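Undergrad: Below are the structure tokens for one structure; questions will follow.
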Amino acid sequence: MKKNSIADISLTGKIIFILSLLSLITISVSSFFSEDIYFQISTPAYFLFLILSYPTYLKLSEISPSKQVFGSIWISIVLSISFFIVSQIPSYIPNIFNTIEENSINWRFSVLRSKNGKSSISLEQGYVEKFTPPENARKDIKIIGIKTETLEKYQGIWPIHWQEYAKIINHFKNTSNILFFDIFLVDEKPGEMEAMMEALDDSSNVLLDYAIETNISSKDSIVHFEEKYEVLKKFKLINVNDPDDNGQIWLELPSPPVHQLSSRSAGIGFANIKNDEFGTNRKMPLVAKLNSTITRGETEYYPSIDLLAVCKFYGIDVVNDTEIVMGEYVKLKNIPQKKITDYRGKEFDIMKIPNQEREILIPIDLYGQMDINFVGSLFSFKDEELHEVANDWSQDSASFFENNIFLIGMYYASGKSAAKDAHLSPYGEMSGIEHHAHALNTILNQDFLTRPGRFVKFLLIVLTGILLGFIQAYFKTVGSFLSYFLISAGYLFSSMFLFREMSIVTDLPINLINLTFIFISIIGYKIISEEENVKYIRSTFSKFVSKDIVDELLKDPDKIALGGARREITVFFSDVRGFTSLSEGLTPEVLVKLLNEYLTTMTDSIIQYKGTIDKYMGDAIMAFWGAPVPLEDHAYFACVAALVQIEELKRLQMDWKSRGLPNIDIGIGLNTGFAVVGNMGSSHRMDYTCMGDTINLGSRLEGSNKIYGTRIIISEYTYERVKDRVYTRELDLVKVKGKNKPVRIYELLGLVKENDKELLKKPVQLIN
């Protein structure tokens with residue numbers, strides 16, 4: 001009698017259901033906790049849920065009004081939760097899913113924000129360069145670039161004489177603009193320093209950058225390190241919270257600018273960029289945590305030049321007006337009520353999005369990095385050539401600009417003397433100075449990339465999965481595919497829209513992969529549970545046995561009793577490739593007829609070469625040689641039968657093609673070894689079969705054909721018995737469960753003596 005409610009389930013079933021439900025609730029609730037607590041709670045809960053998932057399905061399917069609907073939804077839940085757990089592996093632990101997810105963000109940038117700021121207009125006299133910045137690129141961020149033409153004007157001399165930088169500083173010293181030097185001024189240069197020192201003495205708007213080395217081995221080579229370090233300490237961040245000391249140290253030894261210059265500047269900040277494992281840079285460090293071995297036993301935190309620049313722009317102190325929580329945010333506080341005038345003469349609040357608190361919260365990771373929200377591709381910001389600015393501009397030229405940030409550095413210069421400063425971006429190689437410009441643009445626009453919280457991610461992946469599972473349960477193959485396509489496309493376009501319009505980064509590939517697995521799994525589930533024609537074929541063909549078994553049982557009826565004996569045999573497995581697609585494209589009647597033709601021909605070949613049909617598993621065949629009739633050369637008989645099957649299959653394929661039917665292709669696995677052979681089952685029903693590790697390896701070899709693109713794979717145990725009589729190709733060493741050493745496998749290609757195909761058809765007595 002059909003059970004209708006949980007009350008009708010046994011006590012064991014109720015316990016399984018309650019534990020499964022509790023584990024599911026625990027996984028969802030743990031999403032609200034911090035990362036460490038989340039993993040401590042969710043990991044054991046997930047494994048409990050996974051262990052109980054199948055027993056829960058068995059018990060709940062008993063009370064479900066529609067086993068197929070419940071099964072489809074349950075598959076969706078199990079897969080969705082599994083993919084969610086995988087997606088939450090921390091980014092600092094290398095894994096393929098995080099890699100795919102991060103690369104998808106690069107793809108979103110390249111698809112949705114690929115505008116290049118420069119283009120060329122063709123004229124009769126030649127070409128004119130046109131600059132059209134992306135819509136959200138700020139006009140108050142500009143680049144003074146060291147270009148190829150700059151080096152040509154300086155006759156290829158690099159580094160450029162510091163006198164040229166001093167000229168630029170002198171032009172801008174009485175303006176409201178900020179000069180951001182992305183040039184390392186680390187070596188004392190008599191004859192050059194004096195001009196820079198004099199220029200900096202009367203300037204309050206120059207920021208200098210420096211590098212922080214990734215190891216301390218070069219400390220002794222840094223000239224006047226103590227003096228440089230004393231200046232650097234003036235900018236040490238003091239309002240830093242590093243919960244459980246989880247902030248990551250990836251930089252160790254600061255190499256500040258020449259102290260005579262840094263002490264006269266408005267600030268010094270590091271300019272390191274941390275590329276990911278593929279060399280891509282999509283982040284900008286704002287805070288660096290330094291090793292205590294350098295800082296005399298105290299962990300210290302220092303600002304990047306980007307953080308210094310935005311603080312200078314807002315008129316706040318980088319030390320006192322910032323608050324940092326490593327792994328969470330950098331807060332800019334006490335931003336004054338100040339109006340600025342844009343390039344059109346219109347007044348705006350200095351904050352792009354003003355708030356009552358006069359604060360800006362910048363999300364950062366445990367490395368102190370902020371996601372750069374690129375507004376476009378290369379050349380998104382107006383640039384000027386350095387030689388021209390140094391020698392052709394004046395204080396009047398510089399005073400034309402107000403409240404601008406000018407970034408000075410290498411800008412796509414080429415040639416032997418050019419120092420390379422470019423990093424891989426979502427748009428390919430991009431100059432380092434542009435990475436800084438995009439980072440400043442992100443902060444000043446207050447347009448940060450945001451990622452939904454863990455619970456929202458949980459809801460997205462689970463609800464979309466359940467939606468697909470529910471819809472798919474009610475549709476046939478075409479409808480299932482259509483629902484899968486529409487839901488996947490809808491999620492894709494929604495994610496792209498949120499990214500483009502709101503800078504929200506949703507999990508994209510992991511959710512699409514989850515939907516794909518759900519779609520495939522439910523198709524497989526429906527075939528197993530619904531396709532009555534497959535069941536009919538299996539139940540019908542399992543009744544066939546070879547003539548030798550009948551003869552053996554007639555000679556000795558006692559063999560009908562339960563039990564078996566240990567014998568050396570060669571086991572055979574074959575399976576049809578793409579059976580799911582085949583079954584979807586044919587009516588049940590045509591499918592059954594096609595499979596009948598195939599199985600009849602394959603069965604004849606096995607029996608013809610003294611094999612025993614063990615069973616049919618839908619479209620799969622299991623057979624063996626060496627029992628019940630002893631066959632000394634069983635491995636060779638099996639190899640001949642397998643090769644003949646491939647030949648017969650080709651003949652069938654030609655016939656099917658002429659009739660407009662699809663082709664069937666197969667994979668075959670052969671293994672030789674000892675197994676228990678005999679009648680297995682109950683006193684009411686039994687099958688003559690075999691079992692043991694030999695059979696398991698044979699089954700695995702059949703499936704391995706998909707990996708190696710082969711049709712027949714034999715193990716080294718079969719190969720050793722036939723190697724002088726067959727042609728083979730060595731494939732691989734595979735690790736097999738239960739064996740300490742890997743097993744060598746081969747592709748079976750042909751026979752040395754082709755006439756053996758006819759010889760082995762004869763009765764065993766005549767062959768011997």
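In the structure tokens, the first chain shown is A, the next is B, and so on; residue numbers restart at 1 for each chain, and ligands run from 1 in the order shown.
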Based on DSSP run over this structure's backbone, return all residues of range 444-536 of chain A in helix (DSSP H, G or I), as a VMD selection string.

TA: chain A and resid 444 454 to 473 477 to 502 509 to 530 532 to 536

Undergrad: Deliver the residues from the most recent selection as a file, using C-alpha atoms, as an mmCIF file, in the first residue's frame.

TA:
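Contents of result-v4.cif, freshly written:
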data_model
loop_
_atom_site.group_PDB
_atom_site.id
_atom_site.type_symbol
_atom_site.label_atom_id
_atom_site.label_comp_id
_atom_site.auth_asym_id
_atom_site.auth_seq_id
_atom_site.Cartn_x
_atom_site.Cartn_y
_atom_site.Cartn_z
ATOM 1 C CA LEU A 444 36.582 58.497 -6.318
ATOM 2 C CA ARG A 454 27.228 33.831 1.360
ATOM 3 C CA PHE A 455 23.550 33.272 2.186
ATOM 4 C CA VAL A 456 22.423 35.109 -0.946
ATOM 5 C CA LYS A 457 24.802 32.916 -2.973
ATOM 6 C CA PHE A 458 23.296 29.877 -1.272
ATOM 7 C CA LEU A 459 19.770 30.962 -2.187
ATOM 8 C CA LEU A 460 20.722 31.753 -5.798
ATOM 9 C CA ILE A 461 22.320 28.409 -6.541
ATOM 10 C CA VAL A 462 19.743 26.307 -4.669
ATOM 11 C CA LEU A 463 16.623 28.099 -5.911
ATOM 12 C CA THR A 464 17.722 28.161 -9.564
ATOM 13 C CA GLY A 465 18.625 24.484 -9.265
ATOM 14 C CA ILE A 466 15.271 23.551 -7.725
ATOM 15 C CA LEU A 467 13.438 25.598 -10.371
ATOM 16 C CA LEU A 468 15.165 23.680 -13.155
ATOM 17 C CA GLY A 469 14.576 20.334 -11.443
ATOM 18 C CA PHE A 470 10.890 21.046 -10.891
ATOM 19 C CA ILE A 471 10.268 22.168 -14.482
ATOM 20 C CA GLN A 472 12.359 19.398 -15.988
ATOM 21 C CA ALA A 473 10.367 16.739 -14.147
ATOM 22 C CA THR A 477 13.597 15.645 -23.554
ATOM 23 C CA VAL A 478 12.979 18.646 -25.827
ATOM 24 C CA GLY A 479 11.070 20.527 -23.146
ATOM 25 C CA SER A 480 13.754 19.694 -20.583
ATOM 26 C CA PHE A 481 16.461 21.057 -22.828
ATOM 27 C CA LEU A 482 14.437 24.194 -23.539
ATOM 28 C CA SER A 483 13.831 24.837 -19.821
ATOM 29 C CA TYR A 484 17.530 24.272 -19.106
ATOM 30 C CA PHE A 485 18.494 26.701 -21.859
ATOM 31 C CA LEU A 486 16.022 29.403 -20.784
ATOM 32 C CA ILE A 487 16.919 29.248 -17.083
ATOM 33 C CA SER A 488 20.664 29.224 -17.824
ATOM 34 C CA ALA A 489 20.333 32.072 -20.324
ATOM 35 C CA GLY A 490 18.150 34.026 -17.901
ATOM 36 C CA TYR A 491 20.684 33.645 -15.121
ATOM 37 C CA LEU A 492 23.547 34.578 -17.461
ATOM 38 C CA PHE A 493 21.866 37.756 -18.714
ATOM 39 C CA SER A 494 20.778 38.714 -15.194
ATOM 40 C CA SER A 495 24.347 38.359 -13.951
ATOM 41 C CA MET A 496 25.651 40.436 -16.851
ATOM 42 C CA PHE A 497 23.030 43.120 -16.230
ATOM 43 C CA LEU A 498 23.844 43.336 -12.501
ATOM 44 C CA PHE A 499 27.542 43.590 -13.317
ATOM 45 C CA ARG A 500 27.126 46.264 -15.969
ATOM 46 C CA GLU A 501 24.570 48.446 -14.194
ATOM 47 C CA MET A 502 25.285 47.903 -10.510
ATOM 48 C CA PRO A 509 30.234 29.704 -13.988
ATOM 49 C CA ILE A 510 29.596 27.630 -10.854
ATOM 50 C CA ASN A 511 25.837 28.214 -11.147
ATOM 51 C CA LEU A 512 25.793 27.432 -14.863
ATOM 52 C CA ILE A 513 27.855 24.280 -14.273
ATOM 53 C CA ASN A 514 25.422 23.296 -11.519
ATOM 54 C CA LEU A 515 22.457 23.753 -13.870
ATOM 55 C CA THR A 516 24.225 21.664 -16.515
ATOM 56 C CA PHE A 517 24.889 18.829 -14.073
ATOM 57 C CA ILE A 518 21.289 18.960 -12.877
ATOM 58 C CA PHE A 519 20.014 18.805 -16.457
ATOM 59 C CA ILE A 520 22.226 15.820 -17.358
ATOM 60 C CA SER A 521 21.575 13.996 -14.074
ATOM 61 C CA ILE A 522 17.804 14.323 -14.343
ATOM 62 C CA ILE A 523 17.881 13.108 -17.946
ATOM 63 C CA GLY A 524 19.812 10.059 -16.732
ATOM 64 C CA TYR A 525 17.458 9.610 -13.797
ATOM 65 C CA LYS A 526 14.423 9.726 -16.074
ATOM 66 C CA ILE A 527 15.966 7.176 -18.429
ATOM 67 C CA ILE A 528 16.681 4.780 -15.558
ATOM 68 C CA SER A 529 13.334 5.222 -13.845
ATOM 69 C CA GLU A 530 11.018 5.714 -16.820
ATOM 70 C CA GLU A 532 10.269 0.963 -20.023
ATOM 71 C CA ASN A 533 11.736 -0.126 -23.307
ATOM 72 C CA VAL A 534 15.206 -0.269 -21.716
ATOM 73 C CA LYS A 535 13.796 -2.326 -18.845
ATOM 74 C CA TYR A 536 12.075 -4.638 -21.281
#

Undergrad: Env of Ala439 in chain A: 12 Å cut, atoms = only C-alpha atoms, seq-sep filter 4 positions within chain, self excluded. Answer as a PyMOL selection string.

TA: chain A and resi 137-138+141+271+273+281-286+304-307+309-310+362+369-375+407+432-435+443-449

Undergrad: Can you tell me which residues surround Thr694 in chain A at a distance of at most 10 Å, considering only C-alpha atoms, apart from same-chain residues fewer than 5 positions away, and format the answer as JSON, numbers by chain?

TA: {"A": [568, 569, 570, 571, 670, 671, 672, 673, 674, 675, 676, 699, 717]}

Undergrad: When distances are computed from only C-alpha atoms, which of A:Asn291, A:Ser377, A:Thr601, A:Ser80 shows the smallest separation from Ser110 in chain A?

TA: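 Looking only at the distances to Ser110 in chain A, the closest residue turns out to be A:Ser377.
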
Undergrad: Just give me the gap between CA of Lys753 in chain A and CA of Arg567 in chain A in Å, one decimal is fine.

TA: 28.1 Å

Undergrad: When distances are computed from only C-alpha atoms, which of A:Ile143, A:Ile707, A:Leu701, A:Leu595 shows the smallest separation from Leu661 in chain A?

TA: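 Between A:Ile143, A:Ile707, A:Leu701, A:Leu595, the residue approaching Leu661 in chain A most closely is A:Leu595.
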
Undergrad: Leaving out Asn403 in chain A and any residue of its chain fewer than 5 positions from it, which residues lie within 12 Å of it when counting only C-alpha atoms, given as an MDAnalysis selection string?

TA: chainID A and resid 138:142 172 174:179 205 309:310 312:315 338:343 347:348 350 398

Undergrad: Go ahead and write the selection's residues with N, CA, C and O atoms as a short mmCIF file (atom, residue, chain, number, x, y, z; two decimals), in the first residue's frame.

TA:
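Result file is again-v6.cif:
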data_model
loop_
_atom_site.label_atom_id
_atom_site.label_comp_id
_atom_site.auth_asym_id
_atom_site.auth_seq_id
_atom_site.Cartn_x
_atom_site.Cartn_y
_atom_site.Cartn_z
N ARG A 138 36.71 59.34 -15.01
CA ARG A 138 36.75 60.71 -14.47
C ARG A 138 37.68 61.59 -15.30
O ARG A 138 38.77 61.17 -15.69
N LYS A 139 37.24 62.83 -15.49
CA LYS A 139 38.04 63.79 -16.26
C LYS A 139 39.15 64.40 -15.41
O LYS A 139 40.06 65.02 -15.94
N ASP A 140 39.06 64.23 -14.07
CA ASP A 140 40.08 64.83 -13.20
C ASP A 140 41.21 63.86 -12.88
O ASP A 140 42.03 64.13 -12.00
N ILE A 141 41.25 62.74 -13.57
CA ILE A 141 42.39 61.83 -13.48
C ILE A 141 43.10 61.85 -14.82
O ILE A 141 42.51 61.51 -15.85
N LYS A 142 44.34 62.27 -14.83
CA LYS A 142 45.10 62.39 -16.07
C LYS A 142 46.46 61.74 -15.92
O LYS A 142 46.96 61.55 -14.80
N PHE A 172 53.42 72.89 -11.27
CA PHE A 172 52.17 72.58 -10.57
C PHE A 172 52.15 73.03 -9.11
O PHE A 172 51.12 72.87 -8.44
N ASN A 174 51.86 75.70 -7.37
CA ASN A 174 50.88 76.68 -6.86
C ASN A 174 49.46 76.36 -7.30
O ASN A 174 48.60 77.24 -7.32
N THR A 175 49.20 75.10 -7.65
CA THR A 175 47.87 74.70 -8.10
C THR A 175 47.23 73.77 -7.08
O THR A 175 47.87 73.33 -6.12
N SER A 176 45.96 73.46 -7.29
CA SER A 176 45.24 72.53 -6.40
C SER A 176 45.36 71.09 -6.89
O SER A 176 44.68 70.21 -6.38
N ASN A 177 46.21 70.85 -7.86
CA ASN A 177 46.36 69.51 -8.43
C ASN A 177 47.34 68.67 -7.63
O ASN A 177 48.18 69.18 -6.89
N ILE A 178 47.22 67.36 -7.80
CA ILE A 178 48.10 66.40 -7.13
C ILE A 178 48.98 65.73 -8.16
O ILE A 178 48.50 65.31 -9.22
N LEU A 179 50.27 65.62 -7.84
CA LEU A 179 51.21 64.90 -8.70
C LEU A 179 51.53 63.56 -8.06
O LEU A 179 51.99 63.49 -6.92
N ASN A 205 52.00 69.11 -2.86
CA ASN A 205 51.05 68.28 -3.61
C ASN A 205 51.71 67.12 -4.34
O ASN A 205 51.13 66.57 -5.27
N ALA A 309 46.83 59.09 -2.36
CA ALA A 309 46.31 60.03 -3.36
C ALA A 309 44.85 60.39 -3.09
O ALA A 309 44.46 61.56 -3.18
N VAL A 310 44.02 59.38 -2.77
CA VAL A 310 42.61 59.69 -2.54
C VAL A 310 42.44 60.47 -1.24
O VAL A 310 41.57 61.35 -1.14
N LYS A 312 44.64 62.57 -0.03
CA LYS A 312 45.08 63.92 -0.39
C LYS A 312 43.99 64.64 -1.18
O LYS A 312 43.72 65.83 -0.96
N PHE A 313 43.34 63.93 -2.08
CA PHE A 313 42.27 64.52 -2.89
C PHE A 313 41.12 64.98 -2.00
O PHE A 313 40.55 66.07 -2.21
N TYR A 314 40.76 64.15 -1.01
CA TYR A 314 39.64 64.49 -0.13
C TYR A 314 40.05 65.47 0.98
O TYR A 314 39.19 65.99 1.69
N GLY A 315 41.35 65.70 1.15
CA GLY A 315 41.81 66.60 2.19
C GLY A 315 41.78 66.00 3.57
O GLY A 315 41.52 66.70 4.56
N LYS A 338 33.12 69.94 0.93
CA LYS A 338 33.89 70.76 0.01
C LYS A 338 33.32 70.63 -1.39
O LYS A 338 32.97 69.53 -1.82
N LYS A 339 33.25 71.73 -2.08
CA LYS A 339 32.77 71.74 -3.45
C LYS A 339 33.96 71.86 -4.40
O LYS A 339 34.93 72.57 -4.12
N ILE A 340 33.87 71.14 -5.52
CA ILE A 340 34.89 71.26 -6.55
C ILE A 340 34.19 71.61 -7.86
O ILE A 340 33.01 71.33 -8.05
N THR A 341 34.96 72.19 -8.76
CA THR A 341 34.42 72.60 -10.05
C THR A 341 34.96 71.65 -11.11
O THR A 341 36.17 71.42 -11.19
N ASP A 342 34.06 71.09 -11.93
CA ASP A 342 34.52 70.17 -12.96
C ASP A 342 34.97 70.94 -14.20
O ASP A 342 34.99 72.18 -14.21
N TYR A 343 35.33 70.19 -15.23
CA TYR A 343 35.89 70.80 -16.43
C TYR A 343 34.88 71.69 -17.16
O TYR A 343 35.25 72.52 -17.99
N GLU A 347 29.73 73.05 -10.23
CA GLU A 347 30.17 72.68 -8.89
C GLU A 347 29.56 71.37 -8.44
O GLU A 347 28.38 71.10 -8.68
N PHE A 348 30.40 70.56 -7.77
CA PHE A 348 29.94 69.29 -7.23
C PHE A 348 30.55 69.09 -5.85
O PHE A 348 31.62 69.63 -5.54
N ILE A 350 32.73 67.12 -3.31
CA ILE A 350 33.97 66.38 -3.57
C ILE A 350 33.72 64.87 -3.54
O ILE A 350 34.46 64.10 -4.15
N ALA A 398 49.53 74.74 -16.11
CA ALA A 398 49.14 73.82 -15.03
C ALA A 398 47.96 74.36 -14.24
O ALA A 398 47.10 73.60 -13.78
#

Undergrad: Excluding Gly376 in chain A and any residue of its chain fewer than 6 positions from it, enumerate the residues within 12 Å of it, using only C-alpha atoms, and give them as a PyMOL selection string.

TA: chain A and resi 108-118+132-138+425-427+430+434-435+437-438+441-442+500

Undergrad: Taking into account only C-alpha atoms, which residue in the set A:Ser397, A:Asn275, A:Thr718, A:Thr587 is nearest to Asn170 in chain A?

TA: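 Among the listed residues, the smallest separation from Asn170 in chain A belongs to A:Ser397.
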
Undergrad: Where does DSSP see strand (DSSP E or B) in range 558-604 of chain A, if you list the residues as a list in words?

TA: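 Selection result, strand (DSSP E or B) within range 558-604 of chain A: Gly563, Gly564, Ala565, Arg566, Arg567, Glu568, Ile569, Thr570, Val571, Phe572, Phe573, Ser574, Asp575 and Val576 of chain A.
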
Undergrad: Can you write just those residues out, all heavy atoms, as a short mmCIF file (atom, residue, chain, number, x, y, z; two decimals), in the first residue's frame?

TA:
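Output contents, as saved in again12.cif:
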data_model
loop_
_atom_site.label_atom_id
_atom_site.label_comp_id
_atom_site.auth_asym_id
_atom_site.auth_seq_id
_atom_site.Cartn_x
_atom_site.Cartn_y
_atom_site.Cartn_z
N GLY A 563 26.31 -21.47 -5.18
CA GLY A 563 27.72 -21.60 -4.89
C GLY A 563 28.55 -21.44 -6.13
O GLY A 563 28.04 -21.30 -7.23
N GLY A 564 29.87 -21.42 -6.00
CA GLY A 564 30.75 -21.24 -7.13
C GLY A 564 32.14 -21.74 -6.83
O GLY A 564 32.44 -22.19 -5.73
N ALA A 565 33.00 -21.67 -7.86
CA ALA A 565 34.38 -22.12 -7.73
C ALA A 565 35.31 -21.04 -8.26
O ALA A 565 34.93 -20.24 -9.12
CB ALA A 565 34.57 -23.42 -8.51
N ARG A 566 36.55 -21.03 -7.76
CA ARG A 566 37.53 -20.05 -8.19
C ARG A 566 38.21 -20.54 -9.47
O ARG A 566 38.82 -21.60 -9.49
CB ARG A 566 38.56 -19.82 -7.09
CG ARG A 566 39.51 -18.66 -7.34
CD ARG A 566 40.31 -18.37 -6.08
NE ARG A 566 41.18 -17.22 -6.26
CZ ARG A 566 42.46 -17.29 -6.66
NH1 ARG A 566 42.99 -18.48 -6.93
NH2 ARG A 566 43.19 -16.21 -6.79
N ARG A 567 38.07 -19.73 -10.53
CA ARG A 567 38.66 -20.12 -11.81
C ARG A 567 39.33 -18.92 -12.46
O ARG A 567 38.97 -17.77 -12.19
CB ARG A 567 37.58 -20.64 -12.77
CG ARG A 567 36.96 -21.96 -12.37
CD ARG A 567 36.13 -22.49 -13.50
NE ARG A 567 35.41 -23.70 -13.16
CZ ARG A 567 34.68 -24.41 -14.00
NH1 ARG A 567 34.55 -23.99 -15.25
NH2 ARG A 567 34.06 -25.50 -13.63
N GLU A 568 40.27 -19.24 -13.32
CA GLU A 568 40.86 -18.17 -14.13
C GLU A 568 40.01 -18.01 -15.38
O GLU A 568 39.79 -18.96 -16.13
CB GLU A 568 42.30 -18.48 -14.52
CG GLU A 568 42.94 -17.31 -15.26
CD GLU A 568 44.34 -17.61 -15.75
OE1 GLU A 568 44.45 -18.36 -16.75
OE2 GLU A 568 45.30 -17.10 -15.15
N ILE A 569 39.55 -16.79 -15.61
CA ILE A 569 38.69 -16.50 -16.75
C ILE A 569 39.15 -15.20 -17.41
O ILE A 569 39.98 -14.47 -16.87
CB ILE A 569 37.20 -16.36 -16.33
CG1 ILE A 569 37.03 -15.17 -15.38
CG2 ILE A 569 36.68 -17.65 -15.72
CD1 ILE A 569 35.59 -14.81 -15.08
N THR A 570 38.59 -14.93 -18.57
CA THR A 570 38.73 -13.62 -19.20
C THR A 570 37.35 -13.01 -19.28
O THR A 570 36.43 -13.59 -19.85
CB THR A 570 39.33 -13.73 -20.61
OG1 THR A 570 40.67 -14.24 -20.51
CG2 THR A 570 39.38 -12.36 -21.29
N VAL A 571 37.20 -11.83 -18.67
CA VAL A 571 35.90 -11.18 -18.60
C VAL A 571 35.80 -10.11 -19.69
O VAL A 571 36.81 -9.48 -20.05
CB VAL A 571 35.66 -10.56 -17.20
CG1 VAL A 571 36.61 -9.42 -16.94
CG2 VAL A 571 34.22 -10.09 -17.04
N PHE A 572 34.60 -9.95 -20.20
CA PHE A 572 34.33 -9.05 -21.33
C PHE A 572 33.21 -8.09 -20.94
O PHE A 572 32.18 -8.52 -20.43
CB PHE A 572 33.93 -9.90 -22.54
CG PHE A 572 33.28 -9.15 -23.68
CD1 PHE A 572 34.00 -8.85 -24.83
CD2 PHE A 572 31.94 -8.77 -23.63
CE1 PHE A 572 33.40 -8.19 -25.89
CE2 PHE A 572 31.33 -8.10 -24.69
CZ PHE A 572 32.07 -7.82 -25.82
N PHE A 573 33.43 -6.79 -21.19
CA PHE A 573 32.37 -5.79 -21.02
C PHE A 573 32.29 -4.94 -22.29
O PHE A 573 33.32 -4.53 -22.84
CB PHE A 573 32.66 -4.85 -19.84
CG PHE A 573 32.37 -5.45 -18.50
CD1 PHE A 573 33.32 -6.19 -17.83
CD2 PHE A 573 31.12 -5.27 -17.90
CE1 PHE A 573 33.05 -6.74 -16.58
CE2 PHE A 573 30.84 -5.82 -16.67
CZ PHE A 573 31.81 -6.56 -16.01
N SER A 574 31.08 -4.70 -22.76
CA SER A 574 30.89 -3.77 -23.88
C SER A 574 29.70 -2.88 -23.56
O SER A 574 28.80 -3.26 -22.82
CB SER A 574 30.65 -4.52 -25.19
OG SER A 574 29.36 -5.12 -25.20
N ASP A 575 29.72 -1.68 -24.15
CA ASP A 575 28.66 -0.72 -23.87
C ASP A 575 28.49 0.18 -25.08
O ASP A 575 29.46 0.50 -25.78
CB ASP A 575 29.03 0.12 -22.64
CG ASP A 575 27.85 0.93 -22.14
OD1 ASP A 575 26.70 0.55 -22.41
OD2 ASP A 575 28.08 1.95 -21.47
N VAL A 576 27.26 0.60 -25.33
CA VAL A 576 26.97 1.48 -26.46
C VAL A 576 27.28 2.91 -26.07
O VAL A 576 26.90 3.37 -25.00
CB VAL A 576 25.48 1.35 -26.87
CG1 VAL A 576 25.12 2.42 -27.90
CG2 VAL A 576 25.21 -0.03 -27.42
#

Undergrad: With 8 Å as the cut-off and only C-alpha atoms counted, what is the closest atom pair between each nearby residue of range 333-410 of chain A and range 232-254 of chain A? Distances in Å to one decimal, ordered by chain and number, as a Markdown table.

TA:
| residue | atom | partner | partner_atom | distance |
| --- | --- | --- | --- | --- |
| A:Leu366 | CA | A:Gly247 | CA | 4.7 |
| A:Tyr367 | CA | A:Gln248 | CA | 5.0 |
| A:Gly368 | CA | A:Gly247 | CA | 7.6 |

Undergrad: Any idea what's packed within 9 Å of Gln337 in chain A, counting only C-alpha atoms, ignoring anything in its chain fewer than 6 positions away? Could you give it as a PyMOL selection string?

TA: chain A and resi 349-351+358
